[in-house]
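Novice: Take a look at this one; I'll ask things after.
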Amino acid sequence: MPTPPSVRLRELGLELPEPAAPAGSYAPAVVDGDHVWVSGQIVSHEGKARPSGKVDRDVDLAGAKAVAGQATLQGLAAIARVVGGIDRIRRIVRVGVYVASSEGFTRQHEVGNGATELLIELFGEDGRPSRASMGVYALPLNAPVEIDLLARIG
Amino acid sequence: MPTPPSVRLRELGLELPEPAAPAGSYAPAVVDGDHVWVSGQIVSHEGKARPSGKVDRDVDLAGAKAVAGQATLQGLAAIARVVGGIDRIRRIVRVGVYVASSEGFTRQHEVGNGATELLIELFGEDGRPSRASMGVYALPLNAPVEIDLLARIG
Amino acid sequence: MPTPPSVRLRELGLELPEPAAPAGSYAPAVVDGDHVWVSGQIVSHEGKARPSGKVDRDVDLAGAKAVAGQATLQGLAAIARVVGGIDRIRRIVRVGVYVASSEGFTRQHEVGNGATELLIELFGEDGRPSRASMGVYALPLNAPVEIDLLARIG
């Protein structure tokens with residue numbers, strides 16, 4: 001029997017952050033039948049993105065990958081809040097990776113790995129999602145990376 | 001019993017616009033089981049975006065919020081056309097907010113509120129969706145804002 | 001009885017390419033109940049996008065439409081791999097069109113037609129999806145166009 005994701009999380013020395021308060025009139029996560037849709041997650045503190053700026057120019061690739069991972073943890077926390085814990089997640093179906101990119105930066109997929117490598121560590125192959133990564137021009141609060149998620153629960 | 005959204009719409013002094021003709025080989029809205037997927041909506045007139053340009057440089061925040069609201073109404077009209085009215089909507093599951101952003105603009109989430117505040121006024125908490133807002137580089141027809149929607153019907 | 005899509009493909013003189021290897025820790029396609037979610041597809045060869053660059057400046061509209069079509073075929077190949085062939089597709093529900101855009105380019109919807117015209121040729125009206133097209137700032141590997149798909153199978 002596989003290790004429950006909540007146990008795996010502790011084994012990795014990680015914990016779920018507080019779910020981020022929504023930056024407007026939306027819900028952090030919406031339960032829709034046996035799916036949970038998670039809003040775009042950015043990493044911020046007291047209303048400011050941390051770190052902030054464009055990837056490559058202001059935040060390097062390693063830093064952007066770390067932000068992608070932290071945003072993913074926030075997304076999992078949002079799921080946990082609405083369904084009672086991450087052990088209810090059966091499958092990570094979809095991950096969107098939005099990278100505020102400076103001119104010439106074309107490694108958005110490597111930033112995305114910061115999100116999806118973590119998901120695979122936590123959920124095994126059920127955490128290997130479909131994914132689309134893209135370089136946007138700017139993100140709310142000048143965040144370098146935004147992540148959204150679709151999960152199936154059971 | 002809550003006020004039907006079609007009644008609430010009239011109370012707000014609003015009406016559904018004509019569904020926008022698709023700008024290419026796609027459907028304005030697709031029914032998929034108990035969901036309706038709405039294509040990206042931009043506000044245009046006779047093939048031109050109205051207003052047009054990038055948010056902050058060409059269209060101010062208040063104007064962009066208004067466009068987001070109008071695009072949302074168009075999206076609801078597209079749903080109404082395929083399922084017989086907005087009172088069939090049970091839940092707004094997801095909203096995507098794509099903002100053509102000029103350099104330095106990082107308030108895409110406030111533009112998104114122009115879409116989701118309207119949805120909450122119409123549908124109450126069932127209209128509070130998950131949401132992702134991002135700053136893109138350009139949109140079809142030089143539109144400042146594009147909105148897409150996923151709704152559950154019943 | 002309509003022509004099966006696999007036959008229609010041959011009639012059009014086309015064939016499915018090899019599914020693209022994922023550019024990171026994700027799955028090319030994920031089966032989720034009666035849906036298949038396809039990851040963002042770019043057209044590359046030996047780790048380089050082909051062609052590469054921004055649409056309008058480096059790749060013209062006709063070239064970008066062709067890339068959109070080829071990326072769509074790759075996406076169909078990814079579906080075929082996980083469900084045993086494209087004849088299992090009942091409906092193309094959603095297509096996302098992400099166009100790396102140079103300054104002033106606002107015909108992203110025409111690029112998108114390169115994806116969705118092909119789908120309609122293959123699947124008839126069941127191939128006419130909802131769609132959102134947008135101009136992003138950059139894409140992985142400097143690709144000019146990325147396409148993702150959601151299909152219903154049966």
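Letters for chains follow the order of the structure tokens (A, B, ...), residue numbers begin at 1 for each chain, and ligand numbers begin at 1 in the order shown.
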Residues near Gly124 of chain A, anyone? I mean within 10 Å using only C-alpha atoms, not counting same-chain ones fewer than 6 positions away, as an MDAnalysis selection string.

Specialist: chainID A and resid 2:3 5 91 117:118

Novice: For chain B, report every residue with an atom at most 7 Å from chain A (counting only C-alpha atoms), formatted as a VMD selection string.

Specialist: chain B and resid 93 106 to 110 113 116 to 117 128 to 132 134 to 137

Novice: Just how far from atom CA of Ile42 of chain C is atom CA of Glu18 of chain C, in Å to one decimal?

Specialist: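 Separation between atom CA of Glu18 of chain C and atom CA of Ile42 of chain C: 12.9 Å.
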
Novice: Please write out chain B, superposed on chain C by least squares over all C-alpha atoms matched in order, as a compact mmCIF listing (two decimals) with C-alpha atoms, in the first residue's frame.

Specialist:
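Output (part-v3.txt):
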# COMPACT_ATOMS: atom_id res chain seq x y z
CA MET B 1 -22.46 6.61 -40.51
CA PRO B 2 -19.63 9.13 -40.40
CA THR B 3 -16.17 8.22 -41.59
CA PRO B 4 -13.97 7.17 -38.66
CA PRO B 5 -11.38 9.85 -37.87
CA SER B 6 -8.55 7.38 -38.44
CA VAL B 7 -9.81 6.83 -41.99
CA ARG B 8 -10.42 10.52 -42.53
CA LEU B 9 -6.84 11.19 -41.46
CA ARG B 10 -5.53 8.92 -44.21
CA GLU B 11 -7.92 10.45 -46.75
CA LEU B 12 -6.35 13.80 -45.94
CA GLY B 13 -2.91 12.32 -46.56
CA LEU B 14 -1.94 12.80 -42.93
CA GLU B 15 -0.62 10.49 -40.29
CA LEU B 16 -0.14 10.78 -36.58
CA PRO B 17 3.42 11.66 -35.63
CA GLU B 18 5.22 9.94 -32.81
CA PRO B 19 3.84 11.39 -29.59
CA ALA B 20 6.27 14.04 -28.39
CA ALA B 21 8.37 13.05 -25.39
CA PRO B 22 7.42 15.27 -22.47
CA ALA B 23 9.86 18.12 -21.81
CA GLY B 24 9.87 17.46 -18.07
CA SER B 25 8.08 15.72 -15.23
CA TYR B 26 4.60 15.41 -16.66
CA ALA B 27 2.50 13.09 -18.79
CA PRO B 28 1.73 13.83 -22.45
CA ALA B 29 -1.91 12.90 -21.79
CA VAL B 30 -3.91 11.96 -18.71
CA VAL B 31 -7.08 9.89 -18.78
CA ASP B 32 -9.59 11.25 -16.27
CA GLY B 33 -12.84 9.29 -16.38
CA ASP B 34 -14.23 9.83 -19.86
CA HIS B 35 -11.92 12.72 -20.61
CA VAL B 36 -8.36 12.95 -21.79
CA TRP B 37 -6.32 16.03 -20.92
CA VAL B 38 -3.45 16.66 -23.31
CA SER B 39 -0.38 18.59 -22.21
CA GLY B 40 0.78 21.66 -24.06
CA GLN B 41 2.23 20.53 -27.38
CA ILE B 42 5.08 22.26 -29.14
CA VAL B 43 6.72 21.05 -32.32
CA SER B 44 10.37 20.24 -31.75
CA HIS B 45 13.15 18.08 -33.11
CA GLU B 46 16.10 16.91 -31.03
CA GLY B 47 15.26 19.32 -28.25
CA LYS B 48 14.82 22.39 -30.45
CA ALA B 49 11.60 23.99 -31.54
CA ARG B 50 11.11 23.77 -35.29
CA PRO B 51 10.53 26.47 -36.38
CA SER B 52 11.44 28.73 -33.46
CA GLY B 53 10.90 32.35 -32.53
CA LYS B 54 8.02 34.77 -32.25
CA VAL B 55 5.10 34.83 -34.61
CA ASP B 56 5.09 37.67 -37.11
CA ARG B 57 8.74 38.61 -36.50
CA ASP B 58 10.32 35.16 -36.96
CA VAL B 59 7.51 32.89 -38.15
CA ASP B 60 4.81 34.22 -40.44
CA LEU B 61 1.09 33.64 -40.00
CA ALA B 62 0.94 30.79 -42.51
CA GLY B 63 3.89 29.10 -40.82
CA ALA B 64 2.31 29.55 -37.41
CA LYS B 65 -0.96 28.03 -38.59
CA ALA B 66 0.98 25.03 -39.92
CA VAL B 67 2.73 24.62 -36.56
CA ALA B 68 -0.63 24.79 -34.80
CA GLY B 69 -1.88 21.99 -37.01
CA GLN B 70 1.20 19.87 -36.43
CA ALA B 71 1.01 20.40 -32.66
CA THR B 72 -2.62 19.33 -32.82
CA LEU B 73 -1.69 16.11 -34.61
CA GLN B 74 0.89 15.47 -31.87
CA GLY B 75 -1.82 16.00 -29.30
CA LEU B 76 -4.08 13.51 -31.06
CA ALA B 77 -1.18 11.06 -31.11
CA ALA B 78 -0.84 11.49 -27.35
CA ILE B 79 -4.54 10.70 -26.94
CA ALA B 80 -4.26 7.70 -29.26
CA ARG B 81 -1.40 6.33 -27.18
CA VAL B 82 -3.38 6.36 -23.93
CA VAL B 83 -6.78 5.23 -25.18
CA GLY B 84 -5.90 3.03 -28.16
CA GLY B 85 -6.61 5.25 -31.15
CA ILE B 86 -8.31 8.45 -32.21
CA ASP B 87 -11.53 6.68 -33.12
CA ARG B 88 -12.29 6.60 -29.40
CA ILE B 89 -12.61 10.39 -29.37
CA ARG B 90 -16.26 11.48 -29.12
CA ARG B 91 -15.81 15.22 -28.82
CA ILE B 92 -13.04 17.77 -28.81
CA VAL B 93 -14.18 19.85 -25.86
CA ARG B 94 -11.51 22.49 -25.51
CA VAL B 95 -8.45 23.81 -27.30
CA GLY B 96 -5.98 26.31 -25.88
CA VAL B 97 -3.87 28.26 -28.37
CA TYR B 98 -0.80 30.02 -27.03
CA VAL B 99 1.05 32.15 -29.55
CA ALA B 100 4.47 33.64 -28.81
CA SER B 101 3.75 37.04 -30.26
CA SER B 102 5.95 39.84 -31.46
CA GLU B 103 4.96 43.43 -30.77
CA GLY B 104 1.84 44.43 -32.65
CA PHE B 105 0.68 40.94 -33.64
CA THR B 106 -2.99 40.52 -32.82
CA ARG B 107 -4.12 37.69 -35.09
CA GLN B 108 -3.71 34.87 -32.57
CA HIS B 109 -7.19 33.64 -33.45
CA GLU B 110 -6.09 32.99 -37.02
CA VAL B 111 -3.19 30.92 -35.74
CA GLY B 112 -5.72 28.97 -33.71
CA ASN B 113 -7.65 28.15 -36.87
CA GLY B 114 -4.67 26.03 -37.90
CA ALA B 115 -5.55 23.76 -34.99
CA THR B 116 -9.30 23.78 -35.07
CA GLU B 117 -9.85 23.63 -38.84
CA LEU B 118 -7.92 20.37 -38.80
CA LEU B 119 -10.01 19.03 -35.92
CA ILE B 120 -13.22 19.85 -37.77
CA GLU B 121 -11.90 18.14 -40.91
CA LEU B 122 -11.19 15.01 -38.88
CA PHE B 123 -14.14 14.88 -36.49
CA GLY B 124 -16.80 16.97 -38.18
CA GLU B 125 -18.88 19.13 -35.85
CA ASP B 126 -17.74 16.96 -32.90
CA GLY B 127 -14.33 18.43 -33.58
CA ARG B 128 -15.49 22.04 -33.24
CA PRO B 129 -14.31 22.90 -29.74
CA SER B 130 -14.53 25.77 -27.38
CA ARG B 131 -11.28 27.66 -27.72
CA ALA B 132 -9.21 30.40 -26.18
CA SER B 133 -6.37 31.99 -28.12
CA MET B 134 -3.88 34.39 -26.63
CA GLY B 135 -0.56 36.01 -27.31
CA VAL B 136 2.04 35.00 -24.75
CA TYR B 137 5.51 36.46 -24.39
CA ALA B 138 7.55 33.31 -24.84
CA LEU B 139 7.17 29.55 -24.95
CA PRO B 140 9.37 26.61 -23.93
CA LEU B 141 12.31 25.99 -26.28
CA ASN B 142 11.46 29.24 -28.07
CA ALA B 143 8.49 27.60 -29.76
CA PRO B 144 6.19 29.93 -31.71
CA VAL B 145 2.97 28.08 -30.88
CA GLU B 146 1.74 25.76 -28.14
CA ILE B 147 -1.57 23.88 -28.24
CA ASP B 148 -3.38 21.98 -25.52
CA LEU B 149 -6.52 19.88 -25.79
CA LEU B 150 -9.33 18.36 -23.78
CA ALA B 151 -11.22 15.49 -25.41
CA ARG B 152 -14.14 13.34 -24.38
CA ILE B 153 -13.78 9.66 -25.18
CA GLY B 154 -16.33 6.87 -25.39

Novice: Would you list, as a ChimeraX atom specification, the residues of chain C that end up in strand (DSSP E or B) under DSSP run on this structure's backbone?

Specialist: /C:29-32,35-41,44-45,48-49,55,59,89-101,130-136,138,145-153

Novice: Using DSSP secondary structure from the backbone, list all alpha helix (DSSP H) positions within chain A, as an NGL selection string.

Specialist: :A and (5-11 or 61-83 or 108-123)

Novice: With N, CA and C atoms kept, could you save the residues just selected as a tab-separated table (two decimals), in the first residue's frame?

Specialist:
chain	number	residue	atom	x	y	z
A	5	PRO	N	-0.06	10.54	1.06
A	5	PRO	CA	0.64	11.79	0.74
A	5	PRO	C	0.92	12.67	1.96
A	6	SER	N	0.01	12.64	2.93
A	6	SER	CA	0.24	13.47	4.13
A	6	SER	C	1.47	12.98	4.90
A	7	VAL	N	1.69	11.66	4.88
A	7	VAL	CA	2.88	11.10	5.54
A	7	VAL	C	4.13	11.40	4.72
A	8	ARG	N	3.99	11.22	3.41
A	8	ARG	CA	5.11	11.49	2.50
A	8	ARG	C	5.58	12.94	2.64
A	9	LEU	N	4.61	13.84	2.80
A	9	LEU	CA	4.92	15.25	2.98
A	9	LEU	C	5.84	15.45	4.19
A	10	ARG	N	5.48	14.82	5.29
A	10	ARG	CA	6.31	14.95	6.50
A	10	ARG	C	7.68	14.31	6.30
A	11	GLU	N	7.68	13.15	5.62
A	11	GLU	CA	8.97	12.49	5.35
A	11	GLU	C	9.91	13.40	4.57
A	61	LEU	N	16.51	30.81	-12.47
A	61	LEU	CA	15.75	29.59	-12.74
A	61	LEU	C	15.55	28.78	-11.46
A	62	ALA	N	16.60	28.65	-10.66
A	62	ALA	CA	16.47	27.87	-9.43
A	62	ALA	C	15.45	28.52	-8.50
A	63	GLY	N	15.51	29.83	-8.40
A	63	GLY	CA	14.55	30.54	-7.57
A	63	GLY	C	13.13	30.37	-8.09
A	64	ALA	N	12.97	30.40	-9.39
A	64	ALA	CA	11.63	30.26	-9.98
A	64	ALA	C	11.08	28.86	-9.74
A	65	LYS	N	11.95	27.85	-9.84
A	65	LYS	CA	11.51	26.48	-9.56
A	65	LYS	C	11.05	26.36	-8.11
A	66	ALA	N	11.79	27.00	-7.22
A	66	ALA	CA	11.40	26.95	-5.80
A	66	ALA	C	10.04	27.62	-5.59
A	67	VAL	N	9.82	28.74	-6.26
A	67	VAL	CA	8.52	29.41	-6.14
A	67	VAL	C	7.41	28.51	-6.70
A	68	ALA	N	7.69	27.84	-7.80
A	68	ALA	CA	6.69	26.94	-8.38
A	68	ALA	C	6.32	25.85	-7.38
A	69	GLY	N	7.32	25.33	-6.68
A	69	GLY	CA	7.04	24.31	-5.67
A	69	GLY	C	6.23	24.86	-4.52
A	70	GLN	N	6.58	26.05	-4.06
A	70	GLN	CA	5.85	26.64	-2.94
A	70	GLN	C	4.41	26.97	-3.34
A	71	ALA	N	4.23	27.46	-4.55
A	71	ALA	CA	2.86	27.75	-5.02
A	71	ALA	C	2.05	26.46	-5.11
A	72	THR	N	2.71	25.38	-5.47
A	72	THR	CA	2.03	24.10	-5.55
A	72	THR	C	1.59	23.62	-4.16
A	73	LEU	N	2.47	23.79	-3.19
A	73	LEU	CA	2.08	23.45	-1.81
A	73	LEU	C	0.88	24.28	-1.36
A	74	GLN	N	0.89	25.55	-1.71
A	74	GLN	CA	-0.28	26.40	-1.39
A	74	GLN	C	-1.54	25.86	-2.04
A	75	GLY	N	-1.40	25.41	-3.28
A	75	GLY	CA	-2.55	24.86	-3.99
A	75	GLY	C	-3.06	23.60	-3.30
A	76	LEU	N	-2.14	22.77	-2.86
A	76	LEU	CA	-2.55	21.56	-2.13
A	76	LEU	C	-3.23	21.93	-0.82
A	77	ALA	N	-2.74	22.97	-0.19
A	77	ALA	CA	-3.38	23.43	1.05
A	77	ALA	C	-4.81	23.90	0.77
A	78	ALA	N	-5.00	24.54	-0.37
A	78	ALA	CA	-6.36	24.98	-0.73
A	78	ALA	C	-7.28	23.78	-0.95
A	79	ILE	N	-6.74	22.74	-1.56
A	79	ILE	CA	-7.54	21.51	-1.74
A	79	ILE	C	-7.86	20.90	-0.39
A	80	ALA	N	-6.82	20.80	0.45
A	80	ALA	CA	-7.01	20.18	1.77
A	80	ALA	C	-8.11	20.89	2.55
A	81	ARG	N	-8.14	22.21	2.46
A	81	ARG	CA	-9.13	23.00	3.18
A	81	ARG	C	-10.56	22.66	2.77
A	82	VAL	N	-10.77	22.39	1.46
A	82	VAL	CA	-12.16	22.16	1.01
A	82	VAL	C	-12.58	20.70	1.03
A	83	VAL	N	-11.63	19.77	1.07
A	83	VAL	CA	-12.04	18.36	1.08
A	83	VAL	C	-11.54	17.60	2.30
A	108	GLN	N	10.61	27.87	-19.62
A	108	GLN	CA	9.41	27.82	-18.76
A	108	GLN	C	9.11	26.39	-18.30
A	109	HIS	N	9.42	25.42	-19.16
A	109	HIS	CA	9.14	24.02	-18.80
A	109	HIS	C	10.00	23.58	-17.61
A	110	GLU	N	11.19	24.14	-17.49
A	110	GLU	CA	12.03	23.76	-16.34
A	110	GLU	C	11.49	24.39	-15.06
A	111	VAL	N	10.93	25.57	-15.18
A	111	VAL	CA	10.25	26.15	-14.02
A	111	VAL	C	9.09	25.24	-13.60
A	112	GLY	N	8.36	24.76	-14.59
A	112	GLY	CA	7.22	23.88	-14.30
A	112	GLY	C	7.63	22.62	-13.54
A	113	ASN	N	8.84	22.15	-13.81
A	113	ASN	CA	9.29	20.96	-13.09
A	113	ASN	C	9.34	21.19	-11.57
A	114	GLY	N	9.52	22.42	-11.16
A	114	GLY	CA	9.49	22.71	-9.73
A	114	GLY	C	8.14	22.39	-9.10
A	115	ALA	N	7.09	22.49	-9.91
A	115	ALA	CA	5.75	22.11	-9.43
A	115	ALA	C	5.54	20.61	-9.54
A	116	THR	N	5.83	20.05	-10.69
A	116	THR	CA	5.39	18.68	-10.94
A	116	THR	C	6.34	17.64	-10.34
A	117	GLU	N	7.61	17.97	-10.16
A	117	GLU	CA	8.50	17.01	-9.46
A	117	GLU	C	8.02	16.82	-8.03
A	118	LEU	N	7.58	17.91	-7.42
A	118	LEU	CA	7.06	17.81	-6.05
A	118	LEU	C	5.80	16.95	-6.01
A	119	LEU	N	4.93	17.16	-6.98
A	119	LEU	CA	3.68	16.38	-7.00
A	119	LEU	C	3.97	14.88	-7.17
A	120	ILE	N	4.96	14.56	-7.99
A	120	ILE	CA	5.30	13.15	-8.20
A	120	ILE	C	5.94	12.57	-6.93
A	121	GLU	N	6.73	13.38	-6.25
A	121	GLU	CA	7.30	12.91	-4.97
A	121	GLU	C	6.20	12.60	-3.96
A	122	LEU	N	5.15	13.40	-3.98
A	122	LEU	CA	4.09	13.22	-2.99
A	122	LEU	C	3.10	12.13	-3.36
A	123	PHE	N	2.74	12.08	-4.64
A	123	PHE	CA	1.62	11.22	-5.04
A	123	PHE	C	2.06	10.08	-5.96
